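Next comes final_20.csv, with CSV, C-alpha atoms.
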chain,number,residue,atom,x,y,z
A,1464,MET,CA,37.7,110.2,92.5
A,1465,THR,CA,40.5,108.0,93.9
A,1466,THR,CA,43.2,109.4,96.2
A,1467,GLU,CA,46.7,108.8,95.0
A,1468,LEU,CA,48.5,106.9,97.7
A,1469,GLN,CA,51.7,108.3,99.2
A,1470,HIS,CA,54.8,106.2,99.6
A,1471,LEU,CA,57.7,106.7,102.0
A,1472,GLU,CA,61.2,107.3,100.8
A,1473,PRO,CA,63.3,104.1,101.4
A,1474,THR,CA,65.3,106.0,104.1
A,1475,LYS,CA,62.1,107.0,106.0
A,1476,TYR,CA,60.4,104.7,108.5
A,1477,GLY,CA,57.3,104.4,110.6
A,1478,LEU,CA,57.6,103.4,114.3
A,1479,ALA,CA,54.8,101.8,116.4
A,1480,LEU,CA,54.5,101.1,120.1
A,1481,HIS,CA,52.1,98.7,121.9
A,1482,THR,CA,52.0,99.0,125.7
A,1483,THR,CA,48.3,98.3,126.6
A,1484,THR,CA,49.1,95.0,128.2
A,1485,ARG,CA,52.0,93.6,130.3
A,1486,GLU,CA,54.0,93.3,127.1
A,1487,LEU,CA,55.9,96.0,125.1
A,1488,GLY,CA,55.7,95.6,121.4
A,1489,LEU,CA,57.8,97.7,119.0
A,1490,VAL,CA,58.0,97.7,115.2
A,1491,ILE,CA,59.9,99.9,112.7
A,1492,SER,CA,59.5,99.6,108.9
A,1493,ASN,CA,60.1,101.5,105.7
A,1494,PHE,CA,57.4,99.2,104.0
A,1495,VAL,CA,59.8,98.2,101.2
A,1496,GLY,CA,61.5,95.3,102.8
A,1497,ASP,CA,63.2,96.6,106.0
A,1498,THR,CA,61.0,95.7,109.0
A,1499,ARG,CA,61.9,94.8,112.5
A,1500,SER,CA,59.6,93.9,115.4
A,1501,GLN,CA,60.1,92.6,118.9
A,1502,VAL,CA,58.0,91.9,122.0
A,1503,TRP,CA,59.2,92.0,125.6
A,1504,TYR,CA,57.3,90.9,128.7
A,1505,LEU,CA,58.0,93.8,131.1
A,1506,ASP,CA,54.9,93.7,133.4
A,1507,ARG,CA,55.4,96.6,135.9
A,1508,GLU,CA,58.9,97.5,134.6
A,1509,LEU,CA,57.5,99.2,131.5
A,1510,SER,CA,58.0,102.7,132.7
A,1511,SER,CA,61.5,102.0,133.8
A,1512,HIS,CA,62.7,100.4,130.6
A,1513,LEU,CA,60.7,101.8,127.7
A,1514,HIS,CA,63.0,104.7,126.9
A,1515,GLN,CA,66.1,102.5,126.8
A,1516,TYR,CA,64.4,99.8,124.8
A,1517,LEU,CA,63.3,102.4,122.2
A,1518,ILE,CA,66.7,103.9,121.8
A,1519,GLU,CA,68.3,100.5,121.3
A,1520,PHE,CA,65.5,99.1,119.1
A,1521,ILE,CA,65.5,101.8,116.4
A,1522,GLN,CA,69.3,101.4,115.7
A,1523,PRO,CA,70.8,101.6,113.1
A,1524,GLN,CA,68.1,104.1,112.3
A,1525,THR,CA,67.9,107.4,114.1
A,1526,TRP,CA,65.0,109.6,115.2
A,1527,ALA,CA,65.7,111.7,112.0
A,1528,ASN,CA,64.7,108.6,109.9
A,1529,LEU,CA,61.2,108.6,111.2
A,1530,ALA,CA,58.3,109.8,109.1
A,1531,PHE,CA,55.4,109.0,111.5
A,1532,LEU,CA,54.6,107.3,114.8
A,1533,ALA,CA,51.8,105.0,115.8
A,1534,VAL,CA,50.6,103.8,119.2
A,1535,ALA,CA,48.0,101.4,120.5
A,1536,LYS,CA,45.5,103.7,122.3
A,1537,GLY,CA,43.6,101.1,124.2
A,1538,PRO,CA,41.4,99.6,125.5
A,1539,GLY,CA,43.8,97.9,127.8
A,1540,GLY,CA,45.6,98.3,131.1
A,1541,PHE,CA,45.3,101.9,132.4
A,1542,THR,CA,49.0,102.5,133.3
A,1543,GLY,CA,50.5,100.8,130.3
A,1544,THR,CA,48.1,102.5,127.9
A,1545,ARG,CA,48.9,105.9,129.4
A,1546,ILE,CA,52.6,105.4,129.2
A,1547,GLY,CA,52.5,104.4,125.6
A,1548,VAL,CA,50.3,107.2,124.5
A,1549,VAL,CA,52.3,109.8,126.5
A,1550,THR,CA,55.5,108.5,125.0
A,1551,ALA,CA,54.2,108.7,121.4
A,1552,ARG,CA,52.8,112.2,122.0
A,1553,THR,CA,56.1,113.4,123.5
A,1554,LEU,CA,58.1,112.0,120.6
A,1555,GLY,CA,55.6,113.4,118.0
A,1556,GLN,CA,55.8,116.9,119.6
A,1557,GLN,CA,59.6,116.8,119.9
A,1558,LEU,CA,60.2,115.4,116.4
A,1559,GLY,CA,57.4,117.2,114.6
A,1560,LEU,CA,55.8,114.0,113.4
A,1561,PRO,CA,52.2,112.9,113.0
A,1562,VAL,CA,51.0,110.4,115.6
A,1563,PHE,CA,48.4,107.8,114.7
A,1564,ALA,CA,46.4,106.4,117.7
A,1565,ILE,CA,45.1,103.0,116.8
A,1566,SER,CA,42.5,100.9,118.6
A,1567,THR,CA,43.9,97.8,120.4
A,1568,LEU,CA,40.8,95.9,119.1
A,1569,ALA,CA,41.3,97.2,115.6
A,1570,ALA,CA,44.8,95.9,115.6
A,1571,VAL,CA,43.6,92.4,116.7
A,1572,ALA,CA,41.0,92.4,114.0
A,1573,TYR,CA,43.4,93.5,111.3
A,1574,SER,CA,45.9,90.8,112.4
A,1575,GLN,CA,43.2,88.2,112.0
A,1576,VAL,CA,42.1,89.5,108.6
A,1577,PHE,CA,45.7,89.7,107.3
A,1578,HIS,CA,46.4,86.1,108.6
A,1579,PHE,CA,43.2,84.8,106.9
A,1580,CYS,CA,44.0,86.4,103.6
A,1581,SER,CA,47.6,85.2,103.7
A,1582,VAL,CA,46.5,81.6,104.2
A,1583,SER,CA,43.7,82.0,101.6
A,1584,MET,CA,46.1,83.4,99.0
A,1585,GLU,CA,48.3,80.3,99.5
A,1586,THR,CA,45.4,77.9,99.1
A,1587,GLU,CA,42.9,79.8,97.0
A,1588,PRO,CA,44.4,82.8,95.3
A,1589,GLY,CA,42.0,85.8,95.2
A,1590,VAL,CA,40.0,84.6,98.2
A,1591,ARG,CA,39.5,87.1,101.0
A,1592,SER,CA,37.5,87.1,104.2
A,1593,GLN,CA,33.8,87.9,103.7
A,1594,SER,CA,32.8,87.8,107.4
A,1595,ASP,CA,32.8,90.6,109.9
A,1596,ILE,CA,35.4,90.4,112.7
A,1597,ALA,CA,34.0,90.6,116.2
A,1598,VAL,CA,36.7,91.3,118.9
A,1599,GLU,CA,36.1,90.6,122.5
A,1600,MET,CA,38.5,91.6,125.3
A,1601,PRO,CA,38.1,91.1,129.1
A,1602,ALA,CA,37.7,94.3,131.1
A,1603,GLN,CA,37.7,94.9,134.8
A,1604,ARG,CA,34.9,94.1,137.2
A,1605,GLY,CA,33.4,91.3,135.0
A,1606,GLN,CA,32.8,93.5,132.0
A,1607,VAL,CA,34.1,93.2,128.4
A,1608,PHE,CA,35.2,95.4,125.6
A,1609,GLY,CA,33.6,94.5,122.3
A,1610,ALA,CA,33.9,95.8,118.7
A,1611,ILE,CA,33.0,94.6,115.2
A,1612,TYR,CA,35.0,95.5,112.2
A,1613,GLN,CA,34.9,94.7,108.5
A,1614,SER,CA,38.0,94.6,106.2
A,1615,THR,CA,38.0,96.9,103.2
A,1616,PRO,CA,38.8,95.6,99.7
A,1617,ASN,CA,42.3,94.2,99.3
A,1618,ILE,CA,42.7,94.4,103.1
A,1619,SER,CA,43.5,98.1,102.7
A,1620,GLY,CA,42.1,99.0,106.1
A,1621,LEU,CA,39.2,98.4,108.4
A,1622,THR,CA,35.7,99.8,108.7
A,1623,SER,CA,34.3,100.1,112.2
A,1624,LEU,CA,30.8,98.6,112.3
A,1625,LEU,CA,30.5,98.7,116.1
A,1626,PRO,CA,33.0,101.0,117.8
A,1627,ASP,CA,35.0,99.8,120.8
A,1628,THR,CA,32.4,99.7,123.7
A,1629,LEU,CA,32.5,98.7,127.3
A,1630,MET,CA,29.5,96.5,128.2
A,1631,THR,CA,28.4,93.5,130.3
A,1632,PRO,CA,28.9,90.0,128.8
A,1633,GLU,CA,25.1,89.7,128.5
A,1634,VAL,CA,24.8,92.8,126.4
A,1635,TRP,CA,27.7,91.8,124.2
A,1636,GLN,CA,26.2,88.3,123.7
A,1637,GLU,CA,22.9,89.9,122.8
A,1638,LYS,CA,24.6,92.2,120.2
A,1639,LEU,CA,26.3,89.1,118.6
A,1640,ALA,CA,23.1,87.1,118.6
A,1641,THR,CA,21.2,89.8,116.8
A,1642,TRP,CA,24.1,90.7,114.4
A,1643,ASN,CA,22.6,90.4,110.9
A,1644,THR,CA,25.7,89.2,109.0
A,1645,THR,CA,28.2,86.4,109.4
A,1646,TYR,CA,31.0,87.2,111.8
A,1647,GLN,CA,34.1,85.6,113.2
A,1648,LEU,CA,34.6,86.0,116.9
A,1649,ILE,CA,38.2,86.7,118.2
A,1650,LYS,CA,38.9,86.7,121.9
A,1651,ALA,CA,41.8,89.1,122.6
A,1652,GLU,CA,43.2,87.6,125.8
A,1653,SER,CA,47.0,87.2,125.4
A,1654,GLY,CA,49.9,87.9,123.1
A,1655,LEU,CA,48.6,91.3,122.1
A,1656,GLY,CA,52.0,92.9,122.0
A,1657,ALA,CA,52.7,91.1,118.7
A,1658,THR,CA,49.8,93.0,117.1
A,1659,VAL,CA,52.0,96.1,117.1
A,1660,THR,CA,52.7,95.2,113.5
A,1661,SER,CA,49.0,95.7,112.7
A,1662,VAL,CA,49.1,99.0,114.7
A,1663,LEU,CA,51.8,100.2,112.3
A,1664,GLN,CA,50.2,98.9,109.2
A,1665,LEU,CA,46.8,100.5,109.9
A,1666,ALA,CA,48.7,103.8,110.6
A,1667,TYR,CA,50.6,103.5,107.4
A,1668,LEU,CA,47.3,102.9,105.4
A,1669,ASP,CA,46.0,106.2,106.9
A,1670,TRP,CA,49.3,107.9,106.2
A,1671,GLN,CA,49.2,106.8,102.6
A,1672,GLN,CA,45.9,108.5,102.2
A,1673,GLY,CA,47.4,111.8,103.3
A,1674,LYS,CA,46.2,111.8,106.9
A,1675,CYS,CA,48.6,113.6,109.2
A,1676,PRO,CA,47.2,113.8,112.8
A,1677,ASN,CA,48.9,116.2,115.1
A,1678,TRP,CA,50.4,114.6,118.2
A,1679,SER,CA,47.9,116.4,120.4
A,1680,GLU,CA,45.1,114.4,118.7
A,1681,ALA,CA,46.5,111.1,120.0
A,1682,LEU,CA,44.4,110.3,123.1
A,1683,PRO,CA,44.1,107.1,125.1
A,1684,PHE,CA,40.9,105.1,125.2
A,1685,TYR,CA,40.5,103.6,128.7
A,1686,GLY,CA,36.9,102.7,128.5
A,1687,GLN,CA,36.5,102.5,132.3
A,1688,HIS,CA,38.0,104.0,135.4
A,1689,PRO,CA,40.8,102.0,136.9
A,1690,VAL,CA,39.0,101.8,140.3
A,1691,GLU,CA,35.4,101.3,141.0
A,1692,MET,CA,33.7,104.7,141.6
So, in terms of C-alpha coordinates, how does the structure I just supplied come out?
Amino acid sequence: MTTELQHLEPTKYGLALHTTTRELGLVISNFVGDTRSQVWYLDRELSSHLHQYLIEFIQPQTWANLAFLAVAKGPGGFTGTRIGVVTARTLGQQLGLPVFAISTLAAVAYSQVFHFCSVSMETEPGVRSQSDIAVEMPAQRGQVFGAIYQSTPNISGLTSLLPDTLMTPEVWQEKLATWNTTYQLIKAESGLGATVTSVLQLAYLDWQQGKCPNWSEALPFYGQHPVEM
(Lines of atoms letter the chains of each structure in order from A and count residues from 1; the text may use other names and numbers.)
(Lines give C-alpha, C1' and ligand atoms only; values in the text may rest on other atoms or scores of the structure.)
Protein backbone atom coordinates (compact mmCIF):
# COMPACT_ATOMS: atom_id res chain seq x y z
CA MET A 1 0.00 0.00 0.00
CA THR A 2 1.56 3.27 -1.10
CA THR A 3 1.07 6.46 0.87
CA GLU A 4 -0.38 9.36 -1.08
CA LEU A 5 2.12 12.18 -0.85
CA GLN A 6 1.01 15.52 0.51
CA HIS A 7 1.83 18.78 -1.23
CA LEU A 8 2.07 22.30 0.11
CA GLU A 9 -0.21 25.05 -1.06
CA PRO A 10 1.85 27.50 -3.18
CA THR A 11 1.51 30.14 -0.46
CA LYS A 12 2.92 27.83 2.22
CA TYR A 13 6.63 27.34 2.83
CA GLY A 14 9.13 25.24 4.71
CA LEU A 15 11.98 26.97 6.56
CA ALA A 16 15.25 25.33 7.62
CA LEU A 17 18.16 26.43 9.82
CA HIS A 18 21.71 25.07 9.92
CA THR A 19 23.84 26.32 12.81
CA THR A 20 26.03 23.34 13.74
CA THR A 21 29.23 24.98 12.44
CA ARG A 22 30.57 28.55 12.41
CA GLU A 23 28.18 29.24 9.51
CA LEU A 24 24.51 30.10 9.54
CA GLY A 25 22.57 28.50 6.71
CA LEU A 26 18.93 29.43 6.00
CA VAL A 27 16.57 28.26 3.26
CA ILE A 28 12.89 28.83 2.60
CA SER A 29 10.88 27.13 -0.14
CA ASN A 30 7.37 26.34 -1.32
CA PHE A 31 8.82 23.49 -3.45
CA VAL A 32 7.14 24.72 -6.62
CA GLY A 33 9.71 27.20 -7.83
CA ASP A 34 10.13 29.76 -5.06
CA THR A 35 13.29 28.88 -3.10
CA ARG A 36 15.82 31.15 -1.43
CA SER A 37 18.90 30.13 0.53
CA GLN A 38 21.83 31.99 2.03
CA VAL A 39 24.88 31.24 4.16
CA TRP A 40 26.68 33.63 6.50
CA TYR A 41 29.95 33.11 8.37
CA LEU A 42 29.09 34.33 11.86
CA ASP A 43 31.53 32.41 14.06
CA ARG A 44 30.77 33.48 17.65
CA GLU A 45 28.25 36.13 16.60
CA LEU A 46 25.52 33.57 15.85
CA SER A 47 23.51 34.10 19.03
CA SER A 48 23.63 37.88 18.60
CA HIS A 49 22.47 37.97 14.98
CA LEU A 50 20.36 34.87 14.33
CA HIS A 51 17.00 36.42 15.19
CA GLN A 52 17.56 39.49 13.02
CA TYR A 53 18.84 37.44 10.09
CA LEU A 54 15.77 35.22 10.32
CA ILE A 55 13.34 38.13 10.32
CA GLU A 56 15.01 39.74 7.32
CA PHE A 57 15.52 36.47 5.43
CA ILE A 58 11.92 35.25 5.34
CA GLN A 59 10.62 38.49 3.79
CA PRO A 60 8.45 38.97 1.79
CA GLN A 61 6.95 35.88 3.42
CA THR A 62 5.74 36.08 7.01
CA TRP A 63 5.63 33.57 9.87
CA ALA A 64 2.02 32.85 8.87
CA ASN A 65 3.25 31.48 5.52
CA LEU A 66 5.22 28.69 7.16
CA ALA A 67 3.91 25.12 7.17
CA PHE A 68 6.83 23.40 8.89
CA LEU A 69 10.33 23.99 10.23
CA ALA A 70 13.52 21.98 9.94
CA VAL A 71 16.84 22.22 11.76
CA ALA A 72 20.21 20.50 11.60
CA LYS A 73 20.36 18.70 14.94
CA GLY A 74 24.06 17.78 14.92
CA PRO A 75 26.58 16.42 15.31
CA GLY A 76 28.53 19.66 15.27
CA GLY A 77 29.64 22.46 17.54
CA PHE A 78 27.92 22.36 20.93
CA THR A 79 26.88 26.01 21.18
CA GLY A 80 25.80 26.47 17.57
CA THR A 81 23.82 23.23 17.53
CA ARG A 82 22.05 24.16 20.77
CA ILE A 83 21.16 27.64 19.50
CA GLY A 84 19.70 26.31 16.26
CA VAL A 85 17.63 23.58 17.88
CA VAL A 86 16.34 25.88 20.63
CA THR A 87 15.37 28.49 18.03
CA ALA A 88 13.51 25.93 15.92
CA ARG A 89 11.73 24.51 18.98
CA THR A 90 10.70 27.98 20.15
CA LEU A 91 9.35 28.93 16.72
CA GLY A 92 7.56 25.61 16.42
CA GLN A 93 5.92 26.05 19.80
CA GLN A 94 4.91 29.66 19.20
CA LEU A 95 3.63 29.10 15.66
CA GLY A 96 2.12 25.66 16.23
CA LEU A 97 4.28 24.08 13.52
CA PRO A 98 5.96 20.68 13.24
CA VAL A 99 9.75 20.73 13.65
CA PHE A 100 11.90 18.19 11.81
CA ALA A 101 15.33 17.62 13.38
CA ILE A 102 17.67 16.35 10.66
CA SER A 103 21.12 14.83 11.12
CA THR A 104 24.01 17.01 9.96
CA LEU A 105 25.62 13.92 8.44
CA ALA A 106 22.39 12.89 6.68
CA ALA A 107 22.22 16.33 5.08
CA VAL A 108 25.79 15.93 3.80
CA ALA A 109 24.96 12.48 2.42
CA TYR A 110 21.79 13.70 0.72
CA SER A 111 23.63 16.64 -0.83
CA GLN A 112 26.12 14.20 -2.33
CA VAL A 113 23.44 11.81 -3.62
CA PHE A 114 21.44 14.66 -5.11
CA HIS A 115 24.57 16.09 -6.79
CA PHE A 116 25.54 12.69 -8.19
CA CYS A 117 22.08 12.06 -9.58
CA SER A 118 21.88 15.54 -11.10
CA VAL A 119 25.17 14.99 -12.92
CA SER A 120 24.20 11.46 -13.94
CA MET A 121 20.86 12.60 -15.34
CA GLU A 122 22.69 15.11 -17.53
CA THR A 123 25.16 12.55 -18.87
CA GLU A 124 23.27 9.25 -18.55
CA PRO A 125 19.51 9.73 -18.00
CA GLY A 126 18.06 7.23 -15.55
CA VAL A 127 21.34 6.52 -13.78
CA ARG A 128 21.38 6.84 -10.00
CA SER A 129 24.02 6.18 -7.35
CA GLN A 130 24.22 2.52 -6.37
CA SER A 131 26.85 2.91 -3.66
CA ASP A 132 26.34 3.62 0.00
CA ILE A 133 27.40 7.02 1.32
CA ALA A 134 29.81 7.00 4.25
CA VAL A 135 30.12 10.38 5.97
CA GLU A 136 33.01 11.24 8.26
CA MET A 137 33.24 14.40 10.35
CA PRO A 138 35.98 15.46 12.78
CA ALA A 139 35.00 15.48 16.45
CA GLN A 140 36.81 16.80 19.48
CA ARG A 141 39.78 15.12 21.17
CA GLY A 142 40.94 13.22 18.09
CA GLN A 143 37.70 11.32 17.54
CA VAL A 144 35.37 11.26 14.53
CA PHE A 145 31.66 11.06 13.84
CA GLY A 146 30.78 8.44 11.26
CA ALA A 147 27.57 7.32 9.57
CA ILE A 148 26.60 5.34 6.49
CA TYR A 149 23.49 6.03 4.43
CA GLN A 150 21.83 4.68 1.34
CA SER A 151 19.58 6.67 -0.96
CA THR A 152 16.07 5.38 -1.50
CA PRO A 153 14.65 4.96 -5.03
CA ASN A 154 14.29 8.18 -7.02
CA ILE A 155 16.30 9.96 -4.27
CA SER A 156 13.11 10.14 -2.22
CA GLY A 157 15.03 10.05 1.04
CA LEU A 158 17.79 8.23 2.90
CA THR A 159 18.02 4.96 4.76
CA SER A 160 20.39 4.93 7.73
CA LEU A 161 22.60 1.82 7.57
CA LEU A 162 24.96 2.94 10.34
CA PRO A 163 23.56 5.67 12.62
CA ASP A 164 25.60 8.74 13.53
CA THR A 165 28.21 7.43 15.95
CA LEU A 166 31.18 8.90 17.82
CA MET A 167 34.26 6.69 17.59
CA THR A 168 38.01 6.65 17.30
CA PRO A 169 39.49 6.94 13.78
CA GLU A 170 40.75 3.36 14.14
CA VAL A 171 37.28 1.97 14.86
CA TRP A 172 35.81 3.97 11.97
CA GLN A 173 38.46 2.70 9.57
CA GLU A 174 37.78 -0.85 10.71
CA LYS A 175 34.05 -0.42 10.05
CA LEU A 176 34.78 0.86 6.56
CA ALA A 177 37.27 -1.91 5.85
CA THR A 178 34.72 -4.57 6.78
CA TRP A 179 31.71 -2.89 5.11
CA ASN A 180 30.28 -5.50 2.76
CA THR A 181 29.05 -3.24 -0.04
CA THR A 182 30.54 -0.50 -2.21
CA TYR A 183 30.56 2.89 -0.53
CA GLN A 184 31.58 6.45 -1.29
CA LEU A 185 33.40 8.27 1.51
CA ILE A 186 32.54 11.93 2.09
CA LYS A 187 34.55 13.98 4.57
CA ALA A 188 32.37 16.70 6.08
CA GLU A 189 34.98 19.26 6.99
CA SER A 190 33.83 22.64 5.64
CA GLY A 191 30.99 24.44 3.90
CA LEU A 192 28.31 22.56 5.80
CA GLY A 193 26.05 25.60 6.07
CA ALA A 194 25.16 25.17 2.40
CA THR A 195 23.70 21.73 3.12
CA VAL A 196 20.77 23.50 4.79
CA THR A 197 18.97 22.93 1.48
CA SER A 198 19.26 19.18 2.09
CA VAL A 199 18.03 19.62 5.66
CA LEU A 200 14.89 21.22 4.26
CA GLN A 201 14.48 18.66 1.46
CA LEU A 202 14.77 15.69 3.83
CA ALA A 203 12.23 17.32 6.14
CA TYR A 204 9.88 17.93 3.22
CA LEU A 205 10.11 14.28 2.14
CA ASP A 206 9.02 13.29 5.66
CA TRP A 207 6.28 15.94 5.68
CA GLN A 208 4.95 14.62 2.38
CA GLN A 209 4.52 11.22 4.00
CA GLY A 210 2.31 12.72 6.66
CA LYS A 211 4.85 12.95 9.46
CA CYS A 212 4.22 15.84 11.84
CA PRO A 213 6.73 15.83 14.73
CA ASN A 214 5.88 18.03 17.66
CA TRP A 215 8.42 20.75 18.45
CA SER A 216 9.22 18.99 21.73
CA GLU A 217 10.57 15.99 19.78
CA ALA A 218 13.32 18.10 18.16
CA LEU A 219 16.41 17.29 20.21
CA PRO A 220 20.07 18.05 19.54
CA PHE A 221 22.61 15.31 18.93
CA TYR A 222 25.89 16.41 20.47
CA GLY A 223 27.57 13.03 20.45
CA GLN A 224 30.13 14.06 23.07
CA HIS A 225 30.48 16.45 25.98
CA PRO A 226 31.98 19.83 25.05
CA VAL A 227 34.72 19.40 27.68
CA GLU A 228 36.63 16.31 28.66
CA MET A 229 35.14 14.65 31.72
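Proximity to Ser1594 (chain A) at 8 Å, evaluated using only C-alpha atoms and with sequence-adjacent residues fewer than 3 positions away removed, yields Gln1613, Thr1644, Thr1645, Tyr1646 and Gln1647 of chain A.
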Since we have the selection now, will you write its residues out, keeping C-alpha atoms, as a PDB file, in the coordinates of the input?
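Below is the file selection30.pdb, written as the result:
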ATOM      1  CA  GLN A1613      34.900  94.700 108.500  1.00  0.00           C
ATOM      2  CA  THR A1644      25.700  89.200 109.000  1.00  0.00           C
ATOM      3  CA  THR A1645      28.200  86.400 109.400  1.00  0.00           C
ATOM      4  CA  TYR A1646      31.000  87.200 111.800  1.00  0.00           C
ATOM      5  CA  GLN A1647      34.100  85.600 113.200  1.00  0.00           C
TER       6      GLN A1647
END
Distance query Leu1665 (chain A) at most 8 Å, all atoms listed in the file, self and fewer than 3 positions along chain excluded, as a list in words: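 The residues that qualify are Ile1565, Ala1570, Tyr1573, Gly1620, Ser1661, Val1662, Leu1668 and Asp1669 of chain A.
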Top pick for closest residue to Tyr1476 (chain A), considering A:Ser1500, A:Gln1671, A:Thr1622, A:Gln1524 and counting all atoms listed in the file: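 Smallest distance to Tyr1476 (chain A) is found for A:Gln1524.
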Pairwise distance for CA of Ala1597 (chain A) and CA of Leu1624 (chain A), rounded to one decimal in Å: 9.5 Å
Could you tell me, as a ChimeraX atom specification, which residues have any atom at most 12 Å from (58.4, 112.2, 121.7), counting all atoms listed in the file? /A:1478,1480,1514,1517-1518,1526,1529,1531-1534,1546-1562,1678-1679
Next, dump the selected residues to file, keeping only C-alpha atoms, as a PDB file, keeping the file's coordinate frame.
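So the final result, stored in selection39.pdb, reads:
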ATOM      1  CA  LEU A1478      57.600 103.400 114.300  1.00  0.00           C
ATOM      2  CA  LEU A1480      54.500 101.100 120.100  1.00  0.00           C
ATOM      3  CA  HIS A1514      63.000 104.700 126.900  1.00  0.00           C
ATOM      4  CA  LEU A1517      63.300 102.400 122.200  1.00  0.00           C
ATOM      5  CA  ILE A1518      66.700 103.900 121.800  1.00  0.00           C
ATOM      6  CA  TRP A1526      65.000 109.600 115.200  1.00  0.00           C
ATOM      7  CA  LEU A1529      61.200 108.600 111.200  1.00  0.00           C
ATOM      8  CA  PHE A1531      55.400 109.000 111.500  1.00  0.00           C
ATOM      9  CA  LEU A1532      54.600 107.300 114.800  1.00  0.00           C
ATOM     10  CA  ALA A1533      51.800 105.000 115.800  1.00  0.00           C
ATOM     11  CA  VAL A1534      50.600 103.800 119.200  1.00  0.00           C
ATOM     12  CA  ILE A1546      52.600 105.400 129.200  1.00  0.00           C
ATOM     13  CA  GLY A1547      52.500 104.400 125.600  1.00  0.00           C
ATOM     14  CA  VAL A1548      50.300 107.200 124.500  1.00  0.00           C
ATOM     15  CA  VAL A1549      52.300 109.800 126.500  1.00  0.00           C
ATOM     16  CA  THR A1550      55.500 108.500 125.000  1.00  0.00           C
ATOM     17  CA  ALA A1551      54.200 108.700 121.400  1.00  0.00           C
ATOM     18  CA  ARG A1552      52.800 112.200 122.000  1.00  0.00           C
ATOM     19  CA  THR A1553      56.100 113.400 123.500  1.00  0.00           C
ATOM     20  CA  LEU A1554      58.100 112.000 120.600  1.00  0.00           C
ATOM     21  CA  GLY A1555      55.600 113.400 118.000  1.00  0.00           C
ATOM     22  CA  GLN A1556      55.800 116.900 119.600  1.00  0.00           C
ATOM     23  CA  GLN A1557      59.600 116.800 119.900  1.00  0.00           C
ATOM     24  CA  LEU A1558      60.200 115.400 116.400  1.00  0.00           C
ATOM     25  CA  GLY A1559      57.400 117.200 114.600  1.00  0.00           C
ATOM     26  CA  LEU A1560      55.800 114.000 113.400  1.00  0.00           C
ATOM     27  CA  PRO A1561      52.200 112.900 113.000  1.00  0.00           C
ATOM     28  CA  VAL A1562      51.000 110.400 115.600  1.00  0.00           C
ATOM     29  CA  TRP A1678      50.400 114.600 118.200  1.00  0.00           C
ATOM     30  CA  SER A1679      47.900 116.400 120.400  1.00  0.00           C
TER      31      SER A1679
END
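Among the candidates A:Ala1535, A:Leu1621, A:Leu1487, A:Leu1468, the residue lying nearest to His1512 (chain A) is A:Leu1487 (atoms considered: all atoms listed in the file).
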With distances taken over all atoms listed in the file, which residue among A:Leu1663, A:Val1576, A:Val1571, A:Val1598 lies nearest Thr1615 (chain A)?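 Using all atoms listed in the file, the shortest distance to Thr1615 (chain A) belongs to A:Val1576.
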Between CA of Ala1610 (chain A) and CA of Leu1625 (chain A) - distance in Å to one decimal: 5.2 Å
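Put simply, CA of Ala1572 (chain A) is 20.3 Å away from CA of Glu1637 (chain A).
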Selected residue of minimal separation from Ser1511 (chain A) among A:Ala1479, A:Thr1474, A:Gly1543, A:Gly1488, counting only C-alpha atoms: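 Checking each of A:Ala1479, A:Thr1474, A:Gly1543, A:Gly1488 against Ser1511 (chain A), counting only C-alpha atoms, the winner is A:Gly1543.
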Counting all atoms listed in the file, which residue out of A:Leu1509, A:Ala1651, A:Val1607, A:Ile1491 sits closest to Glu1633 (chain A)? A:Val1607
Give the answer as one residue: which of A:Met1600, A:Leu1568, A:Ala1666, A:Leu1655 has the shortest atom-to-atom distance to Trp1635 (chain A), using all atoms listed in the file?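 Closest to Trp1635 (chain A), using all atoms listed in the file: A:Met1600.
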